[in-house]
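What follows is the content of target23.pdb, which has PDB, C-alpha atoms:
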```pdb
ATOM      1  CA  MET K   1      41.441 -51.114  31.158  1.00  0.00           C
ATOM      2  CA  THR K   2      37.960 -52.584  30.843  1.00  0.00           C
ATOM      3  CA  ARG K   3      35.179 -50.067  31.383  1.00  0.00           C
ATOM      4  CA  CYS K   4      33.063 -50.933  34.399  1.00  0.00           C
ATOM      5  CA  PRO K   5      29.312 -51.028  33.707  1.00  0.00           C
ATOM      6  CA  GLU K   6      28.675 -49.402  37.121  1.00  0.00           C
ATOM      7  CA  ARG K   7      30.794 -46.388  36.228  1.00  0.00           C
ATOM      8  CA  GLU K   8      27.738 -44.312  35.262  1.00  0.00           C
ATOM      9  CA  LYS K   9      26.625 -44.287  38.906  1.00  0.00           C
ATOM     10  CA  VAL K  10      29.625 -42.244  40.071  1.00  0.00           C
ATOM     11  CA  GLN K  11      28.036 -38.884  39.242  1.00  0.00           C
ATOM     12  CA  LEU K  12      24.656 -40.067  40.488  1.00  0.00           C
ATOM     13  CA  LEU K  13      26.245 -40.890  43.836  1.00  0.00           C
ATOM     14  CA  LEU K  14      28.026 -37.549  44.086  1.00  0.00           C
ATOM     15  CA  ASP K  15      24.860 -35.675  43.068  1.00  0.00           C
ATOM     16  CA  GLY K  16      22.779 -37.547  45.638  1.00  0.00           C
ATOM     17  CA  ASP K  17      20.436 -39.054  43.054  1.00  0.00           C
ATOM     18  CA  LEU K  18      20.750 -42.638  44.342  1.00  0.00           C
ATOM     19  CA  SER K  19      18.555 -44.100  47.004  1.00  0.00           C
ATOM     20  CA  ALA K  20      20.052 -45.133  50.327  1.00  0.00           C
ATOM     21  CA  ALA K  21      20.186 -48.811  49.375  1.00  0.00           C
ATOM     22  CA  GLU K  22      21.667 -48.061  45.939  1.00  0.00           C
ATOM     23  CA  ALA K  23      24.226 -45.670  47.444  1.00  0.00           C
ATOM     24  CA  HIS K  24      25.305 -48.264  50.038  1.00  0.00           C
ATOM     25  CA  ALA K  25      25.613 -50.971  47.390  1.00  0.00           C
ATOM     26  CA  PHE K  26      27.642 -48.687  45.094  1.00  0.00           C
ATOM     27  CA  ARG K  27      30.010 -47.694  47.931  1.00  0.00           C
ATOM     28  CA  VAL K  28      30.667 -51.371  48.529  1.00  0.00           C
ATOM     29  CA  HIS K  29      31.339 -51.664  44.794  1.00  0.00           C
ATOM     30  CA  LEU K  30      33.816 -48.757  44.922  1.00  0.00           C
ATOM     31  CA  GLU K  31      35.929 -50.589  47.502  1.00  0.00           C
ATOM     32  CA  GLY K  32      36.511 -53.437  45.068  1.00  0.00           C
ATOM     33  CA  CYS K  33      36.595 -51.545  41.703  1.00  0.00           C
ATOM     34  CA  ASP K  34      39.734 -49.522  41.024  1.00  0.00           C
ATOM     35  CA  ALA K  35      38.299 -47.762  37.943  1.00  0.00           C
ATOM     36  CA  CYS K  36      35.138 -46.564  39.660  1.00  0.00           C
ATOM     37  CA  GLY K  37      37.086 -45.637  42.792  1.00  0.00           C
ATOM     38  CA  ALA K  38      39.584 -43.550  40.819  1.00  0.00           C
ATOM     39  CA  GLU K  39      36.808 -41.735  38.952  1.00  0.00           C
ATOM     40  CA  ALA K  40      34.906 -41.083  42.176  1.00  0.00           C
ATOM     41  CA  ARG K  41      38.031 -39.615  43.802  1.00  0.00           C
ATOM     42  CA  ALA K  42      38.695 -37.426  40.736  1.00  0.00           C
ATOM     43  CA  TYR K  43      35.143 -36.074  40.718  1.00  0.00           C
ATOM     44  CA  SER K  44      35.243 -35.492  44.466  1.00  0.00           C
ATOM     45  CA  PHE K  45      38.462 -33.507  44.118  1.00  0.00           C
ATOM     46  CA  LEU K  46      37.015 -31.482  41.228  1.00  0.00           C
ATOM     47  CA  PHE K  47      33.801 -30.679  43.061  1.00  0.00           C
ATOM     48  CA  GLY K  48      35.723 -29.754  46.183  1.00  0.00           C
ATOM     49  CA  THR K  49      38.030 -27.430  44.257  1.00  0.00           C
ATOM     50  CA  LEU K  50      35.137 -25.714  42.496  1.00  0.00           C
ATOM     51  CA  GLY K  51      33.251 -25.358  45.743  1.00  0.00           C
ATOM     52  CA  ALA K  52      36.213 -23.651  47.372  1.00  0.00           C
ATOM     53  CA  LEU K  53      36.392 -20.946  44.721  1.00  0.00           C
ATOM     54  CA  ARG K  54      34.982 -17.533  45.571  1.00  0.00           C
ATOM     55  CA  VAL K  55      31.996 -16.535  43.480  1.00  0.00           C
ATOM     56  CA  GLN K  56      32.622 -13.262  41.669  1.00  0.00           C
ATOM     57  CA  ASP K  57      29.737 -10.799  41.580  1.00  0.00           C
ATOM     58  CA  PRO K  58      29.689  -9.072  38.153  1.00  0.00           C
ATOM     59  CA  GLY K  59      27.456  -6.318  39.458  1.00  0.00           C
ATOM     60  CA  PRO K  60      24.196  -4.884  38.119  1.00  0.00           C
ATOM     61  CA  VAL K  61      25.842  -3.238  35.086  1.00  0.00           C
ATOM     62  CA  PHE K  62      26.926  -6.570  33.662  1.00  0.00           C
ATOM     63  CA  THR K  63      23.494  -8.025  34.380  1.00  0.00           C
ATOM     64  CA  GLU K  64      21.779  -5.176  32.538  1.00  0.00           C
ATOM     65  CA  ARG K  65      24.075  -5.639  29.535  1.00  0.00           C
ATOM     66  CA  ILE K  66      23.276  -9.333  29.364  1.00  0.00           C
ATOM     67  CA  LEU K  67      19.540  -8.688  29.675  1.00  0.00           C
ATOM     68  CA  ASP K  68      19.677  -6.040  26.950  1.00  0.00           C
ATOM     69  CA  ARG K  69      21.236  -8.545  24.564  1.00  0.00           C
ATOM     70  CA  VAL K  70      19.008 -11.437  25.566  1.00  0.00           C
ATOM     71  CA  LEU K  71      15.748  -9.450  25.705  1.00  0.00           C
ATOM     72  CA  PRO K  72      15.412  -7.182  22.631  1.00  0.00           C
ATOM     73  CA  SER K  73      12.270  -5.614  24.095  1.00  0.00           C
ATOM     74  CA  ARG K  74      14.338  -3.909  26.782  1.00  0.00           C
ATOM     75  CA  LEU K  75      16.619  -2.445  24.142  1.00  0.00           C
ATOM     76  CA  ARG K  76      13.668  -1.316  22.017  1.00  0.00           C
ATOM     77  CA  ARG K  77      12.069   0.310  25.029  1.00  0.00           C
ATOM     78  CA  ARG K  78      15.238   2.247  25.720  1.00  0.00           C
ATOM     79  CA  ILE K  79      15.509   3.319  22.083  1.00  0.00           C
ATOM     80  CA  VAL K  80      11.889   4.476  22.058  1.00  0.00           C
ATOM     81  CA  THR K  81      12.466   6.406  25.261  1.00  0.00           C
ATOM     82  CA  ALA K  82      15.570   8.071  23.834  1.00  0.00           C
ATOM     83  CA  VAL K  83      13.761   8.969  20.610  1.00  0.00           C
ATOM     84  CA  GLY K  84      10.845  10.372  22.604  1.00  0.00           C
ATOM     85  CA  TRP K  85      13.107  12.608  24.656  1.00  0.00           C
ATOM     86  CA  ALA K  86      14.944  13.747  21.525  1.00  0.00           C
ATOM     87  CA  TYR K  87      11.639  14.546  19.796  1.00  0.00           C
ATOM     88  CA  THR K  88      10.468  16.504  22.831  1.00  0.00           C
ATOM     89  CA  ALA K  89      13.687  18.499  22.921  1.00  0.00           C
ATOM     90  CA  VAL K  90      13.574  19.266  19.197  1.00  0.00           C
ATOM     91  CA  SER K  91       9.911  20.297  19.444  1.00  0.00           C
ATOM     92  CA  ALA K  92      10.633  22.613  22.353  1.00  0.00           C
ATOM     93  CA  ILE K  93      13.563  24.235  20.558  1.00  0.00           C
ATOM     94  CA  SER K  94      11.565  24.612  17.331  1.00  0.00           C
ATOM     95  CA  THR K  95       8.653  26.190  19.201  1.00  0.00           C
ATOM     96  CA  TYR K  96      10.960  28.622  20.967  1.00  0.00           C
ATOM     97  CA  LEU K  97      12.637  29.628  17.703  1.00  0.00           C
ATOM     98  CA  PHE K  98       9.289  30.069  15.939  1.00  0.00           C
ATOM     99  CA  VAL K  99       7.871  32.231  18.722  1.00  0.00           C
ATOM    100  CA  SER K 100      11.049  34.302  18.784  1.00  0.00           C
ATOM    101  CA  TRP K 101      10.895  34.763  15.014  1.00  0.00           C
ATOM    102  CA  ILE K 102       7.191  35.628  14.900  1.00  0.00           C
ATOM    103  CA  ALA K 103       7.585  38.226  17.648  1.00  0.00           C
ATOM    104  CA  ARG K 104      10.039  40.317  15.625  1.00  0.00           C
ATOM    105  CA  ALA K 105       8.820  43.446  13.817  1.00  0.00           C
ATOM    106  CA  GLU K 106      10.633  42.486  10.616  1.00  0.00           C
ATOM    107  CA  THR K 107       8.658  39.253  10.572  1.00  0.00           C
ATOM    108  CA  HIS K 108       5.362  41.150  10.665  1.00  0.00           C
ATOM    109  CA  VAL K 109       6.425  43.258   7.679  1.00  0.00           C
ATOM    110  CA  TRP K 110       7.550  40.191   5.759  1.00  0.00           C
ATOM    111  CA  LEU K 111       4.321  38.318   6.514  1.00  0.00           C
ATOM    112  CA  ALA K 112       2.231  41.315   5.450  1.00  0.00           C
ATOM    113  CA  GLY K 113       4.073  41.452   2.135  1.00  0.00           C
ATOM    114  CA  ARG K 114       3.655  37.726   1.567  1.00  0.00           C
ATOM    115  CA  LEU K 115      -0.040  37.858   2.412  1.00  0.00           C
ATOM    116  CA  GLY K 116      -0.511  40.785   0.043  1.00  0.00           C
ATOM    117  CA  GLN K 117       1.176  38.877  -2.768  1.00  0.00           C
ATOM    118  CA  ALA K 118      -0.925  35.811  -2.061  1.00  0.00           C
ATOM    119  CA  TYR K 119      -4.138  37.877  -2.079  1.00  0.00           C
ATOM    120  CA  LEU K 120      -3.120  39.488  -5.369  1.00  0.00           C
ATOM    121  CA  SER K 121      -2.420  36.076  -6.893  1.00  0.00           C
ATOM    122  CA  VAL K 122      -5.836  34.820  -5.801  1.00  0.00           C
ATOM    123  CA  VAL K 123      -7.558  37.863  -7.289  1.00  0.00           C
ATOM    124  CA  GLN K 124      -5.679  37.469 -10.559  1.00  0.00           C
ATOM    125  CA  ALA K 125      -6.596  33.800 -10.732  1.00  0.00           C
ATOM    126  CA  GLY K 126     -10.256  34.644 -10.120  1.00  0.00           C
ATOM    127  CA  LEU K 127     -10.227  37.284 -12.845  1.00  0.00           C
ATOM    128  CA  PHE K 128      -8.623  34.825 -15.241  1.00  0.00           C
ATOM    129  CA  VAL K 129     -11.364  32.286 -14.550  1.00  0.00           C
ATOM    130  CA  VAL K 130     -14.084  34.904 -15.055  1.00  0.00           C
ATOM    131  CA  HIS K 131     -12.513  36.077 -18.311  1.00  0.00           C
ATOM    132  CA  SER K 132     -12.235  32.494 -19.540  1.00  0.00           C
ATOM    133  CA  LEU K 133     -15.901  31.834 -18.792  1.00  0.00           C
ATOM    134  CA  MET K 134     -16.998  35.033 -20.504  1.00  0.00           C
ATOM    135  CA  PHE K 135     -14.886  34.238 -23.562  1.00  0.00           C
ATOM    136  CA  SER K 136     -16.355  30.733 -23.758  1.00  0.00           C
ATOM    137  CA  TRP K 137     -19.876  32.152 -23.460  1.00  0.00           C
ATOM    138  CA  LEU K 138     -19.226  34.652 -26.240  1.00  0.00           C
ATOM    139  CA  ARG K 139     -17.830  31.911 -28.456  1.00  0.00           C
ATOM    140  CA  LEU K 140     -20.930  29.844 -27.789  1.00  0.00           C
ATOM    141  CA  LEU K 141     -23.187  32.758 -28.665  1.00  0.00           C
ATOM    142  CA  HIS K 142     -21.176  33.327 -31.810  1.00  0.00           C
ATOM    143  CA  GLY K 143     -21.631  29.664 -32.714  1.00  0.00           C
ATOM    144  CA  TRP K 144     -25.391  29.958 -32.303  1.00  0.00           C
ATOM    145  CA  GLU K 145     -25.349  33.039 -34.488  1.00  0.00           C
ATOM    146  CA  VAL K 146     -23.453  31.127 -37.193  1.00  0.00           C
ATOM    147  CA  ALA K 147     -25.941  28.253 -36.972  1.00  0.00           C
ATOM    148  CA  GLY K 148     -28.829  30.699 -37.218  1.00  0.00           C
ATOM    149  CA  ALA K 149     -27.303  32.331 -40.276  1.00  0.00           C
ATOM    150  CA  MET K 150     -26.881  28.946 -41.967  1.00  0.00           C
ATOM    151  CA  MET K 151     -30.487  28.028 -41.204  1.00  0.00           C
ATOM    152  CA  GLU K 152     -31.631  31.309 -42.696  1.00  0.00           C
ATOM    153  CA  ARG K 153     -29.677  30.565 -45.879  1.00  0.00           C
ATOM    154  CA  LEU K 154     -31.006  27.012 -46.091  1.00  0.00           C
ATOM    155  CA  ALA K 155     -34.588  28.059 -45.387  1.00  0.00           C
ATOM    156  CA  PRO K 156     -35.444  28.796 -49.085  1.00  0.00           C
ATOM    157  CA  LEU K 157     -34.133  25.372 -50.133  1.00  0.00           C
ATOM    158  CA  VAL K 158     -36.137  23.655 -47.405  1.00  0.00           C
ATOM    159  CA  ARG K 159     -39.260  25.545 -48.423  1.00  0.00           C
ATOM    160  CA  ALA K 160     -38.656  24.633 -52.086  1.00  0.00           C
ATOM    161  CA  LEU K 161     -38.378  20.936 -51.195  1.00  0.00           C
ATOM    162  CA  ALA K 162     -41.382  21.016 -48.914  1.00  0.00           C
ATOM    163  CA  LEU K 163     -43.627  22.762 -51.454  1.00  0.00           C
ATOM    164  CA  PRO K 164     -44.012  19.750 -53.823  1.00  0.00           C
ATOM    165  CA  LEU K 165     -44.617  17.431 -50.887  1.00  0.00           C
ATOM    166  CA  SER K 166     -47.535  19.578 -49.855  1.00  0.00           C
ATOM    167  CA  GLN K 167     -49.361  18.572 -53.067  1.00  0.00           C
ATOM    168  CA  PRO K 168     -51.513  15.421 -52.472  1.00  0.00           C
ATOM    169  CA  ALA K 169     -50.841  13.971 -55.909  1.00  0.00           C
ATOM    170  CA  ILE K 170     -47.071  14.230 -55.604  1.00  0.00           C
ATOM    171  CA  ALA K 171     -47.137  12.850 -52.069  1.00  0.00           C
ATOM    172  CA  SER K 172     -49.226   9.836 -53.161  1.00  0.00           C
ATOM    173  CA  VAL K 173     -46.850   9.122 -56.045  1.00  0.00           C
ATOM    174  CA  LEU K 174     -43.836   9.202 -53.715  1.00  0.00           C
ATOM    175  CA  VAL K 175     -45.543   6.870 -51.242  1.00  0.00           C
ATOM    176  CA  SER K 176     -46.503   4.447 -54.029  1.00  0.00           C
ATOM    177  CA  ALA K 177     -42.954   4.451 -55.408  1.00  0.00           C
ATOM    178  CA  THR K 178     -41.557   3.754 -51.963  1.00  0.00           C
ATOM    179  CA  LEU K 179     -43.909   0.799 -51.442  1.00  0.00           C
ATOM    180  CA  ALA K 180     -43.088  -0.577 -54.900  1.00  0.00           C
ATOM    181  CA  CYS K 181     -39.364  -0.413 -54.206  1.00  0.00           C
ATOM    182  CA  ALA K 182     -39.864  -2.200 -50.896  1.00  0.00           C
ATOM    183  CA  ALA K 183     -41.861  -4.963 -52.630  1.00  0.00           C
ATOM    184  CA  VAL K 184     -39.189  -5.417 -55.291  1.00  0.00           C
ATOM    185  CA  PHE K 185     -36.447  -5.684 -52.683  1.00  0.00           C
ATOM    186  CA  TRP K 186     -38.506  -8.219 -50.728  1.00  0.00           C
ATOM    187  CA  TRP K 187     -39.006 -10.321 -53.885  1.00  0.00           C
ATOM    188  CA  MET K 188     -35.277 -10.186 -54.597  1.00  0.00           C
ATOM    189  CA  ARG K 189     -34.348 -11.558 -51.169  1.00  0.00           C
ATOM    190  CA  PRO K 190     -32.247 -14.792 -51.193  1.00  0.00           C
ATOM    191  CA  ARG K 191     -34.343 -17.937 -50.636  1.00  0.00           C
ATOM    192  CA  ARG K 192     -34.055 -21.679 -51.115  1.00  0.00           C
ATOM    193  CA  GLY K 193     -35.783 -23.171 -54.144  1.00  0.00           C
ATOM    194  CA  ALA K 194     -36.976 -26.676 -54.935  1.00  0.00           C
ATOM    195  CA  PRO K 195     -34.472 -29.162 -56.417  1.00  0.00           C
ATOM    196  CA  GLY K 196     -34.001 -28.485 -60.117  1.00  0.00           C
ATOM    197  CA  GLU K 197     -35.658 -25.074 -59.936  1.00  0.00           C
ATOM    198  CA  VAL K 198     -33.820 -22.267 -61.669  1.00  0.00           C
ATOM    199  CA  ARG K 199     -33.352 -19.431 -59.217  1.00  0.00           C
ATOM    200  CA  HIS K 200     -33.879 -15.886 -60.332  1.00  0.00           C
ATOM    201  CA  VAL K 201     -30.865 -13.693 -60.891  1.00  0.00           C
ATOM    202  CA  ALA K 202     -30.862 -10.954 -58.302  1.00  0.00           C
ATOM    203  CA  LEU K 203     -29.974  -7.530 -59.504  1.00  0.00           C
ATOM    204  CA  LEU K 204     -28.159  -6.801 -56.238  1.00  0.00           C
ATOM    205  CA  GLY K 205     -25.973  -9.907 -56.516  1.00  0.00           C
ATOM    206  CA  PHE K 206     -27.850 -12.076 -53.988  1.00  0.00           C
TER     207      PHE K 206
END
```

Target encoding structure tokens, full file:
Amino acid sequence: MTRCPEREKVQLLLDGDLSAAEAHAFRVHLEGCDACGAEARAYSFLFGTLGALRVQDPGPVFTERILDRVLPSRLRRRIVTAVGWAYTAVSAISTYLFVSWIARAETHVWLAGRLGQAYLSVVQAGLFVVHSLMFSWLRLLHGWEVAGAMMERLAPLVRALALPLSQPAIASVLVSATLACAAVFWWMRPRRGAPGEVRHVALLGF
């Protein structure tokens, strides 16, 4: 069977999307077109059957389940609320148990013993620090004493070396020798000579 080009207007007619003139013209077309008429009758029967069915109400529970799956924020809000209530309950129970435990006489004795041990540990740690500082200070003093003893032993040698330098003649000779050595080293420095000039042979290997 050849497909009618006007067949697309069947649903438009049933949905009421055609204007009055277009609807009248298409109804006239249905009277002469078997294909469009059969499809229009089939759709009319289908729509009538569906319209006669009773709509089932799923109830609010089903709606809430659908919304929880579609909207994650609702589910998160419920989880946060549940966690908050659980935290509140656990906090209340923990507080009650702690108050009950702290009110017992045995707890006071146990706490006193623990506090005494802690105080003793703190005192021992403080004494250890003080002893360590005193020991370090004594070692430092001992080091200064050793240095002083060495200086006392080296004092005669220092005086023996300083005695010749106190003589003007010896001091002038040492200064002159130092200047002469500096002049010799300056003369022995590496330098460029003129072409063909024989360079001096440096004693230091320059």

*For CA of Ser44 (chain K) and CA of Leu14 (chain K), quote the distance in Å rounded to one decimal.*
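Computed distance, CA of Ser44 (chain K) to CA of Leu14 (chain K), equals 7.5 Å.
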
*asked:* Quick check, in Å to one decimal: how far apart do CA of Leu30 (chain K) and CA of Ala52 (chain K) lie?
replied: 25.3 Å

*Have a look at CA of Gln11 (chain K) and CA of Tyr43 (chain K) and let me know their distance in Å, one decimal.*
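A separation of 7.8 Å between them.
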
*For region 85-102 of chain K, work out the shell of residues within 10 Å, counting all atoms listed in the file and skipping chain neighbours fewer than 6 positions away, then give it as a ChimeraX atom specification.*
/K:79,108,111
